[in-house]
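Below is the file model.txt, which contains compact mmCIF, C-alpha atoms.
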```
# COMPACT_ATOMS: atom_id res chain seq x y z
CA MET A 923 130.32 110.87 122.03
CA THR A 924 130.66 110.90 125.80
CA ASN A 925 129.33 113.88 127.75
CA THR A 926 131.55 115.53 130.35
CA ALA A 927 130.42 117.36 133.47
CA VAL A 928 132.35 119.56 135.89
CA ILE A 929 130.81 119.43 139.37
CA THR A 930 132.07 121.50 142.30
CA GLY A 931 131.53 120.47 145.90
CA ALA A 932 131.11 116.86 144.81
CA SER A 933 132.62 114.92 147.71
CA GLN A 934 129.29 114.56 149.54
CA GLY A 935 125.68 115.72 149.64
CA LEU A 936 123.92 116.86 146.48
CA GLY A 937 127.14 117.18 144.49
CA ALA A 938 128.06 113.53 145.10
CA ALA A 939 124.50 112.38 144.41
CA LEU A 940 124.45 114.20 141.07
CA ALA A 941 127.89 112.83 140.20
CA HIS A 942 126.73 109.26 140.81
CA ALA A 943 123.58 109.78 138.75
CA LEU A 944 125.56 111.13 135.79
CA ALA A 945 128.20 108.41 136.11
CA ARG A 946 125.52 105.72 135.89
CA THR A 947 124.39 107.15 132.54
CA GLY A 948 127.88 107.28 131.07
CA TRP A 949 129.03 110.85 131.74
CA THR A 950 132.71 111.45 132.40
CA LEU A 951 133.35 113.67 135.37
CA VAL A 952 135.64 116.35 136.73
CA ILE A 953 134.87 116.82 140.41
CA ASP A 954 136.30 118.91 143.21
CA ALA A 955 135.98 119.52 146.94
CA ARG A 956 138.04 121.19 149.62
CA THR A 957 138.41 118.03 151.71
CA ARG A 958 140.83 115.72 149.89
CA LYS A 959 140.03 112.59 151.91
CA ASP A 960 136.28 112.80 151.28
CA LEU A 961 136.88 113.57 147.61
CA GLU A 962 139.14 110.54 147.20
CA VAL A 963 136.49 108.25 148.72
CA THR A 964 133.83 109.59 146.35
CA ALA A 965 136.16 109.43 143.35
CA GLU A 966 136.99 105.81 144.10
CA ALA A 967 133.30 104.89 144.15
CA LEU A 968 132.67 106.80 140.92
CA GLY A 969 135.71 105.25 139.27
CA GLY A 970 133.89 101.94 139.10
CA LEU A 971 131.26 103.56 136.90
CA THR A 972 133.04 106.03 134.65
CA THR A 973 136.16 108.08 133.99
CA VAL A 974 136.57 110.60 136.80
CA VAL A 975 139.17 113.28 137.46
CA ALA A 976 139.13 114.44 141.08
CA ILE A 977 140.98 117.63 141.99
CA ALA A 978 141.02 118.76 145.61
CA GLY A 979 140.99 122.50 146.13
CA ASP A 980 139.00 125.63 146.86
CA VAL A 981 136.83 127.16 144.15
CA VAL A 982 137.92 130.65 145.20
CA ASP A 983 141.48 129.83 144.11
CA ASP A 984 142.31 130.98 140.57
CA ASP A 985 144.78 128.18 139.89
CA HIS A 986 142.34 125.53 141.12
CA ARG A 987 139.58 126.75 138.81
CA ALA A 988 142.03 126.72 135.91
CA GLU A 989 142.90 123.09 136.76
CA LEU A 990 139.24 122.12 136.62
CA ALA A 991 138.74 123.76 133.22
CA GLU A 992 141.93 122.19 131.84
CA ALA A 993 140.91 118.74 133.06
CA ALA A 994 137.56 119.04 131.29
CA SER A 995 139.28 120.19 128.12
CA LYS A 996 141.54 117.12 128.16
CA LEU A 997 138.42 114.94 128.37
CA GLY A 998 137.06 116.50 125.20
CA GLY A 999 135.45 119.59 126.66
CA ALA A 1000 132.71 120.22 129.20
CA ASP A 1001 129.05 119.83 128.25
CA LEU A 1002 127.77 120.70 131.72
CA LEU A 1003 129.04 122.85 134.57
CA VAL A 1004 127.43 122.35 137.97
CA ASN A 1005 128.26 125.13 140.41
CA ASN A 1006 127.31 123.37 143.63
CA ALA A 1007 130.04 124.33 146.14
CA SER A 1008 128.62 126.67 148.79
CA THR A 1009 129.34 128.08 152.23
CA LEU A 1010 127.09 129.53 154.94
CA GLY A 1011 129.55 131.96 156.47
CA GLY A 1012 129.12 130.51 159.95
CA SER A 1013 127.53 127.71 161.95
CA PRO A 1014 124.84 128.65 162.65
CA PRO A 1015 124.82 131.39 159.99
CA PRO A 1016 125.05 134.72 161.83
CA ALA A 1017 122.54 137.56 161.80
CA LEU A 1018 123.48 140.42 159.52
CA ALA A 1019 123.99 142.77 162.46
CA GLU A 1020 126.81 140.56 163.77
CA PHE A 1021 128.04 139.00 160.51
CA PRO A 1022 131.86 139.23 160.51
CA LEU A 1023 132.79 141.02 157.31
CA PRO A 1024 135.61 138.60 156.38
CA ALA A 1025 133.12 135.72 156.64
CA LEU A 1026 130.56 137.68 154.62
CA LEU A 1027 133.17 138.34 151.96
CA GLU A 1028 134.02 134.63 151.84
CA THR A 1029 130.31 133.80 151.49
CA PHE A 1030 130.06 135.95 148.38
CA GLU A 1031 133.41 134.71 147.04
CA VAL A 1032 132.38 131.06 147.29
CA ASN A 1033 128.71 131.40 146.35
CA VAL A 1034 128.86 134.10 143.65
CA LEU A 1035 132.32 135.11 142.47
CA ALA A 1036 133.74 131.60 142.15
CA PRO A 1037 130.80 130.23 140.11
CA ILE A 1038 130.97 133.21 137.74
CA ALA A 1039 134.75 132.91 137.43
CA LEU A 1040 134.63 129.16 136.75
CA THR A 1041 131.82 129.69 134.25
CA GLN A 1042 134.00 132.20 132.40
CA LEU A 1043 136.75 129.58 132.08
CA VAL A 1044 134.45 126.76 130.97
CA LEU A 1045 132.21 128.78 128.64
CA PRO A 1046 134.40 128.30 125.55
CA GLN A 1047 133.98 124.54 125.97
CA LEU A 1048 130.24 124.73 126.63
CA ARG A 1049 129.72 126.84 123.49
CA LEU A 1050 131.23 124.03 121.40
CA SER A 1051 128.89 121.43 122.90
CA THR A 1052 125.61 120.56 121.20
CA ALA A 1053 123.97 120.55 124.64
CA GLY A 1054 126.02 123.00 126.70
CA ALA A 1055 124.52 123.92 130.06
CA VAL A 1056 125.31 125.68 133.32
CA LEU A 1057 123.51 124.46 136.44
CA ASN A 1058 123.79 126.77 139.45
CA ILE A 1059 122.54 125.41 142.77
CA SER A 1060 120.41 128.02 144.49
CA SER A 1061 118.20 128.08 147.60
CA ASP A 1062 114.79 129.19 148.80
CA ALA A 1063 116.78 131.67 150.93
CA ALA A 1064 117.47 133.53 147.67
CA VAL A 1065 113.80 134.53 147.41
CA GLU A 1066 112.51 134.24 151.00
CA ALA A 1067 113.67 136.22 154.04
CA TYR A 1068 114.77 133.98 156.90
CA GLU A 1069 116.42 135.24 160.06
CA GLY A 1070 120.09 134.31 160.07
CA TRP A 1071 120.19 133.60 156.35
CA GLY A 1072 120.94 137.13 155.14
CA GLY A 1073 124.48 136.53 153.94
CA TYR A 1074 123.86 133.16 152.32
CA GLY A 1075 120.49 134.23 150.91
CA ALA A 1076 121.84 137.47 149.45
CA ALA A 1077 124.69 135.58 147.81
CA LYS A 1078 122.34 133.00 146.30
CA ALA A 1079 120.03 135.80 145.11
CA ALA A 1080 123.01 137.36 143.36
CA LEU A 1081 123.83 134.00 141.77
CA ASP A 1082 120.22 133.68 140.58
CA HIS A 1083 120.41 137.08 138.92
CA ALA A 1084 123.79 136.35 137.37
CA SER A 1085 122.30 133.12 135.99
CA ALA A 1086 119.41 135.03 134.42
CA VAL A 1087 121.76 137.55 132.82
CA LEU A 1088 124.06 134.80 131.51
CA ALA A 1089 121.04 133.10 129.94
CA LYS A 1090 120.30 136.31 128.01
CA GLU A 1091 123.92 136.68 126.94
CA GLU A 1092 124.36 133.02 125.95
CA PRO A 1093 121.06 132.11 124.22
CA ASP A 1094 122.51 128.94 122.67
CA LEU A 1095 123.19 127.46 126.12
CA ARG A 1096 120.89 126.40 128.92
CA VAL A 1097 121.48 128.25 132.19
CA TRP A 1098 119.47 126.90 135.08
CA SER A 1099 119.33 128.07 138.69
CA VAL A 1100 117.74 125.38 140.84
CA ASP A 1101 116.54 125.42 144.43
CA PRO A 1102 116.92 121.79 145.58
CA GLY A 1103 114.93 122.31 148.79
CA ASP A 1104 116.02 121.47 152.33
CA LEU A 1105 118.07 118.29 152.22
CA ARG A 1106 119.88 116.12 154.74
CA THR A 1107 123.36 117.42 153.99
CA ARG A 1108 126.43 118.60 155.85
CA LEU A 1109 125.61 122.21 154.94
CA GLN A 1110 122.12 121.88 156.35
CA GLN A 1111 123.52 120.38 159.56
CA GLN A 1112 125.93 123.31 159.84
CA ALA A 1113 122.95 125.64 159.60
CA PHE A 1114 121.29 123.87 162.51
CA PRO A 1115 124.15 122.60 164.71
CA GLY A 1116 123.12 120.05 167.29
CA GLU A 1117 119.60 119.72 165.86
CA ASP A 1118 118.04 116.60 164.39
CA ILE A 1119 117.65 117.09 160.62
CA SER A 1120 116.62 113.50 159.88
CA ASP A 1121 113.22 114.78 158.70
CA ARG A 1122 114.91 116.29 155.63
CA PRO A 1123 115.09 114.05 152.55
CA LEU A 1124 118.41 112.72 151.35
CA PRO A 1125 119.94 114.39 148.28
CA SER A 1126 119.13 111.28 146.23
CA ALA A 1127 115.44 112.17 146.57
CA VAL A 1128 115.78 115.16 144.22
CA VAL A 1129 118.23 113.61 141.77
CA PRO A 1130 115.42 112.44 139.43
CA PHE A 1131 114.42 116.10 138.97
CA PHE A 1132 117.93 116.99 137.85
CA VAL A 1133 118.15 113.98 135.53
CA LYS A 1134 114.85 115.03 133.95
CA LEU A 1135 116.15 118.60 133.62
CA LEU A 1136 119.17 117.40 131.67
CA ASP A 1137 117.11 115.03 129.53
CA GLU A 1138 114.33 117.47 128.63
CA ARG A 1139 116.42 120.68 128.58
CA PRO A 1140 113.67 123.19 129.42
CA ALA A 1141 114.24 126.89 128.86
CA SER A 1142 116.86 128.67 130.93
CA GLY A 1143 115.49 130.00 134.20
CA ARG A 1144 114.98 129.39 137.89
CA TYR A 1145 113.44 126.09 138.98
CA VAL A 1146 112.51 124.37 142.22
CA ALA A 1147 113.28 120.65 142.51
CA ARG A 1148 110.11 118.70 143.22
```

With the file now loaded, output its structure as structure tokens.
Amino acid sequence: MTNTAVITGASQGLGAALAHALARTGWTLVIDARTRKDLEVTAEALGGLTTVVAIAGDVVDDDHRAELAEAASKLGGADLLVNNASTLGGSPPPALAEFPLPALLETFEVNVLAPIALTQLVLPQLRLSTAGAVLNISSDAAVEAYEGWGGYGAAKAALDHASAVLAKEEPDLRVWSVDPGDLRTRLQQQAFPGEDISDRPLPSAVVPFFVKLLDERPASGRYVAR
């Protein structure tokens, strides 16, 4: 039986790297991103490897999340949900004292509310899987205090805690919250506009950690990609 994964924010960066890794091992995919053009390019590349359903949209939109869940159901049901889509709230991310409240609200909507809401929709499918799992992408900013990272870090900390609670409530599933480290991604460049981030590793560098995670299925919890 073919495994199916739902991956948000999969048009580039870590989401795309994970999608390619899963596609190469036979997973079918439901992927999304806000930028349709980038998503179509990624979907075309993945289409040469596996069955992929690409749906452009914003994870904070109720109808869009429902589309993702329905697409996974039509493929036989999700075995894995990867909540990867994230936003900083500004470029560079603003200090808390000046953080515009609408942007702060959006940061929590994208990084916390949307993952929980999508998880709620996909949970019935994951419960039917023999290897159901939720993978939430976290950050070191969730546990360390960095100037300018208050909004993003607080949102990721909330996601970490929600992951831990979900793991208690759904003991038959695996619920992982993973800090992938600083990577050479668009999000990281937005955090440091105009700076050279070429010293950061590419997302592909941490993909083996995630592949091992899925293969070995350690206990639910928070992990750091090494």

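For Leu1010 of chain A, the non-local neighbours within 9 Å, defined as residues at least 5 positions apart in the same chain or in other chains and counting only C-alpha atoms, are Pro1015, Pro1016, Ala1025, Leu1026, Thr1029, Asn1033, Trp1071, Gly1073, Tyr1074, Leu1109, Gln1112 and Ala1113 of chain A.
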
Judged by all atoms listed in the file, the minimum distance to Arg1139 of chain A among A:Leu1002, A:Leu1023, A:Ala1079, A:Val1087 is found for A:Leu1002

Please report, as a tab-separated table, each residue of segment 1030-1143 of chain A lying at most 10 Å from segment 936-951 of chain A, together with the nearest pair of atoms and the separation in Å rounded to one decimal; use only C-alpha atoms, and order rows by chain and ascending residue number.
```
residue	atom	partner	partner_atom	distance
A:Ile1059	CA	A:Leu936	CA	9.4
A:Pro1102	CA	A:Leu936	CA	8.6
A:Leu1105	CA	A:Leu936	CA	8.3
A:Arg1106	CA	A:Leu936	CA	9.2
A:Thr1107	CA	A:Leu936	CA	7.6
A:Arg1108	CA	A:Leu936	CA	9.9
A:Leu1124	CA	A:Leu936	CA	8.4
A:Pro1125	CA	A:Leu936	CA	5.0
A:Ser1126	CA	A:Ala939	CA	5.8
A:Ala1127	CA	A:Ala939	CA	9.3
A:Val1128	CA	A:Leu936	CA	8.6
A:Val1129	CA	A:Leu940	CA	6.3
A:Pro1130	CA	A:Ala943	CA	8.6
A:Phe1132	CA	A:Leu940	CA	7.8
A:Val1133	CA	A:Ala943	CA	7.6
A:Leu1136	CA	A:Leu944	CA	9.9
```

Grab all the atoms of segment 1140-1144 of chain A that the file lists, wrap them in a box along x, y and z, add 6 Å per side, and give me centre plus edge lengths in Å (one decimal) as JSON.
```
{"center_x": 115.3, "center_y": 126.6, "center_z": 133.4, "size_x": 15.2, "size_y": 18.8, "size_z": 21.0}
```

Any idea what's packed within 10 Å of Ser1061 of chain A, counting only C-alpha atoms, ignoring anything in its chain fewer than 3 positions away? Could you give it as a CSV table (one decimal) with C-alpha atoms, keeping the file's coordinate frame?
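Result went into result39.csv, see below:
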```
chain,number,residue,atom,x,y,z
A,1058,ASN,CA,123.8,126.8,139.4
A,1064,ALA,CA,117.5,133.5,147.7
A,1065,VAL,CA,113.8,134.5,147.4
A,1066,GLU,CA,112.5,134.2,151.0
A,1074,TYR,CA,123.9,133.2,152.3
A,1075,GLY,CA,120.5,134.2,150.9
A,1077,ALA,CA,124.7,135.6,147.8
A,1078,LYS,CA,122.3,133.0,146.3
A,1079,ALA,CA,120.0,135.8,145.1
A,1082,ASP,CA,120.2,133.7,140.6
A,1099,SER,CA,119.3,128.1,138.7
A,1100,VAL,CA,117.7,125.4,140.8
A,1101,ASP,CA,116.5,125.4,144.4
A,1102,PRO,CA,116.9,121.8,145.6
A,1103,GLY,CA,114.9,122.3,148.8
A,1104,ASP,CA,116.0,121.5,152.3
A,1146,VAL,CA,112.5,124.4,142.2
```

What would the list of residues within 9 Å of (126.1, 135.5, 137.6) (file frame) look like as a list in words, if only C-alpha atoms are what count? Val1034, Leu1035, Pro1037, Ile1038, Thr1041, Ala1080, Leu1081, Asp1082, His1083, Ala1084, Ser1085, Ala1086, Val1087 and Leu1088 of chain A

Residue neighbourhood Ala993 of chain A, 10 Å, all atoms listed in the file, exclusion window fewer than 5 positions, as an NGL selection string: :A and (928 or 951-953 or 974-977 or 987-988 or 998-1000)

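Counting all atoms listed in the file and comparing A:Leu1135, A:Leu1003, A:Leu1095, A:Ala1076, the residue that lies closest to Ala991 of chain A is A:Leu1003.
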
Can you measure atom CA of Thr930 of chain A to atom CA of Asn1006 of chain A for me? One decimal in Å is fine. 5.3 Å

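Counting all atoms listed in the file and comparing A:Lys959, A:Ala1017, A:Ser1008, A:Asp1001, the residue that lies closest to Gly935 of chain A is A:Ser1008.
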
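Take atom CA of Asn1005 of chain A and atom CA of Ala955 of chain A: the distance between them is 11.6 Å.
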
Starting from the incomplete input, reconstruct all heavy atoms of segment 1086-1097 of chain A and write that as an mmCIF file, keeping the file's coordinate frame.
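The resulting file, selection_14.cif, is shown below:
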```cif
data_model
loop_
_atom_site.group_PDB
_atom_site.id
_atom_site.type_symbol
_atom_site.label_atom_id
_atom_site.label_comp_id
_atom_site.auth_asym_id
_atom_site.auth_seq_id
_atom_site.Cartn_x
_atom_site.Cartn_y
_atom_site.Cartn_z
ATOM 1 N N ALA A 1086 120.398 134.489 135.355
ATOM 2 C CA ALA A 1086 119.410 135.030 134.420
ATOM 3 C C ALA A 1086 120.065 135.906 133.364
ATOM 4 O O ALA A 1086 119.696 135.865 132.181
ATOM 5 C CB ALA A 1086 118.356 135.819 135.186
ATOM 6 N N VAL A 1087 121.053 136.694 133.773
ATOM 7 C CA VAL A 1087 121.760 137.550 132.820
ATOM 8 C C VAL A 1087 122.578 136.694 131.847
ATOM 9 O O VAL A 1087 122.584 136.936 130.631
ATOM 10 C CB VAL A 1087 122.664 138.552 133.554
ATOM 11 C CG1 VAL A 1087 123.559 139.297 132.569
ATOM 12 C CG2 VAL A 1087 121.818 139.535 134.351
ATOM 13 N N LEU A 1088 123.265 135.681 132.369
ATOM 14 C CA LEU A 1088 124.060 134.800 131.510
ATOM 15 C C LEU A 1088 123.175 134.118 130.477
ATOM 16 O O LEU A 1088 123.578 133.950 129.318
ATOM 17 C CB LEU A 1088 124.792 133.752 132.356
ATOM 18 C CG LEU A 1088 125.704 132.795 131.581
ATOM 19 C CD1 LEU A 1088 126.864 133.549 130.931
ATOM 20 C CD2 LEU A 1088 126.236 131.699 132.498
ATOM 21 N N ALA A 1089 121.975 133.743 130.877
ATOM 22 C CA ALA A 1089 121.040 133.100 129.940
ATOM 23 C C ALA A 1089 120.701 134.035 128.783
ATOM 24 O O ALA A 1089 120.555 133.589 127.637
ATOM 25 C CB ALA A 1089 119.777 132.679 130.675
ATOM 26 N N LYS A 1090 120.574 135.329 129.063
ATOM 27 C CA LYS A 1090 120.300 136.310 128.010
ATOM 28 C C LYS A 1090 121.516 136.467 127.094
ATOM 29 O O LYS A 1090 121.377 136.628 125.875
ATOM 30 C CB LYS A 1090 119.954 137.660 128.630
ATOM 31 C CG LYS A 1090 118.652 137.693 129.409
ATOM 32 C CD LYS A 1090 117.456 137.652 128.480
ATOM 33 C CE LYS A 1090 116.160 137.856 129.262
ATOM 34 N NZ LYS A 1090 114.963 137.793 128.364
ATOM 35 N N GLU A 1091 122.696 136.443 127.691
ATOM 36 C CA GLU A 1091 123.920 136.680 126.940
ATOM 37 C C GLU A 1091 124.389 135.455 126.155
ATOM 38 O O GLU A 1091 125.140 135.595 125.180
ATOM 39 C CB GLU A 1091 125.028 137.130 127.899
ATOM 40 C CG GLU A 1091 124.745 138.480 128.555
ATOM 41 C CD GLU A 1091 125.761 138.863 129.620
ATOM 42 O OE1 GLU A 1091 126.517 137.965 130.058
ATOM 43 O OE2 GLU A 1091 125.793 140.037 130.004
ATOM 44 N N GLU A 1092 123.948 134.263 126.606
ATOM 45 C CA GLU A 1092 124.360 133.020 125.950
ATOM 46 C C GLU A 1092 123.103 132.224 125.547
ATOM 47 O O GLU A 1092 122.796 131.170 126.102
ATOM 48 C CB GLU A 1092 125.233 132.174 126.886
ATOM 49 C CG GLU A 1092 126.503 132.856 127.358
ATOM 50 C CD GLU A 1092 127.540 132.959 126.242
ATOM 51 O OE1 GLU A 1092 127.467 132.189 125.261
ATOM 52 O OE2 GLU A 1092 128.446 133.822 126.362
ATOM 53 N N PRO A 1093 122.342 132.730 124.565
ATOM 54 C CA PRO A 1093 121.060 132.110 124.220
ATOM 55 C C PRO A 1093 121.173 130.690 123.676
ATOM 56 O O PRO A 1093 120.179 129.949 123.676
ATOM 57 C CB PRO A 1093 120.470 133.060 123.176
ATOM 58 C CG PRO A 1093 121.665 133.754 122.589
ATOM 59 C CD PRO A 1093 122.630 133.909 123.728
ATOM 60 N N ASP A 1094 122.357 130.294 123.201
ATOM 61 C CA ASP A 1094 122.510 128.940 122.670
ATOM 62 C C ASP A 1094 122.771 127.905 123.764
ATOM 63 O O ASP A 1094 122.768 126.696 123.487
ATOM 64 C CB ASP A 1094 123.666 128.899 121.660
ATOM 65 C CG ASP A 1094 123.357 129.691 120.403
ATOM 66 O OD1 ASP A 1094 122.160 129.845 120.077
ATOM 67 O OD2 ASP A 1094 124.305 130.181 119.757
ATOM 68 N N LEU A 1095 122.983 128.369 124.990
ATOM 69 C CA LEU A 1095 123.190 127.460 126.120
ATOM 70 C C LEU A 1095 121.925 127.395 126.975
ATOM 71 O O LEU A 1095 121.020 128.215 126.845
ATOM 72 C CB LEU A 1095 124.351 127.944 126.996
ATOM 73 C CG LEU A 1095 125.724 128.110 126.347
ATOM 74 C CD1 LEU A 1095 126.733 128.568 127.388
ATOM 75 C CD2 LEU A 1095 126.183 126.816 125.689
ATOM 76 N N ARG A 1096 121.900 126.422 127.864
ATOM 77 C CA ARG A 1096 120.890 126.400 128.920
ATOM 78 C C ARG A 1096 121.586 126.856 130.198
ATOM 79 O O ARG A 1096 122.680 126.382 130.522
ATOM 80 C CB ARG A 1096 120.314 125.001 129.122
ATOM 81 C CG ARG A 1096 119.440 124.528 127.975
ATOM 82 C CD ARG A 1096 118.148 125.326 127.888
ATOM 83 N NE ARG A 1096 117.232 124.752 126.930
ATOM 84 C CZ ARG A 1096 117.188 125.056 125.637
ATOM 85 N NH1 ARG A 1096 118.062 125.939 125.151
ATOM 86 N NH2 ARG A 1096 116.322 124.480 124.842
ATOM 87 N N VAL A 1097 120.957 127.780 130.906
ATOM 88 C CA VAL A 1097 121.480 128.250 132.190
ATOM 89 C C VAL A 1097 120.362 128.118 133.201
ATOM 90 O O VAL A 1097 119.372 128.857 133.150
ATOM 91 C CB VAL A 1097 121.971 129.703 132.111
ATOM 92 C CG1 VAL A 1097 122.583 130.111 133.460
ATOM 93 C CG2 VAL A 1097 122.990 129.887 130.994
#
```
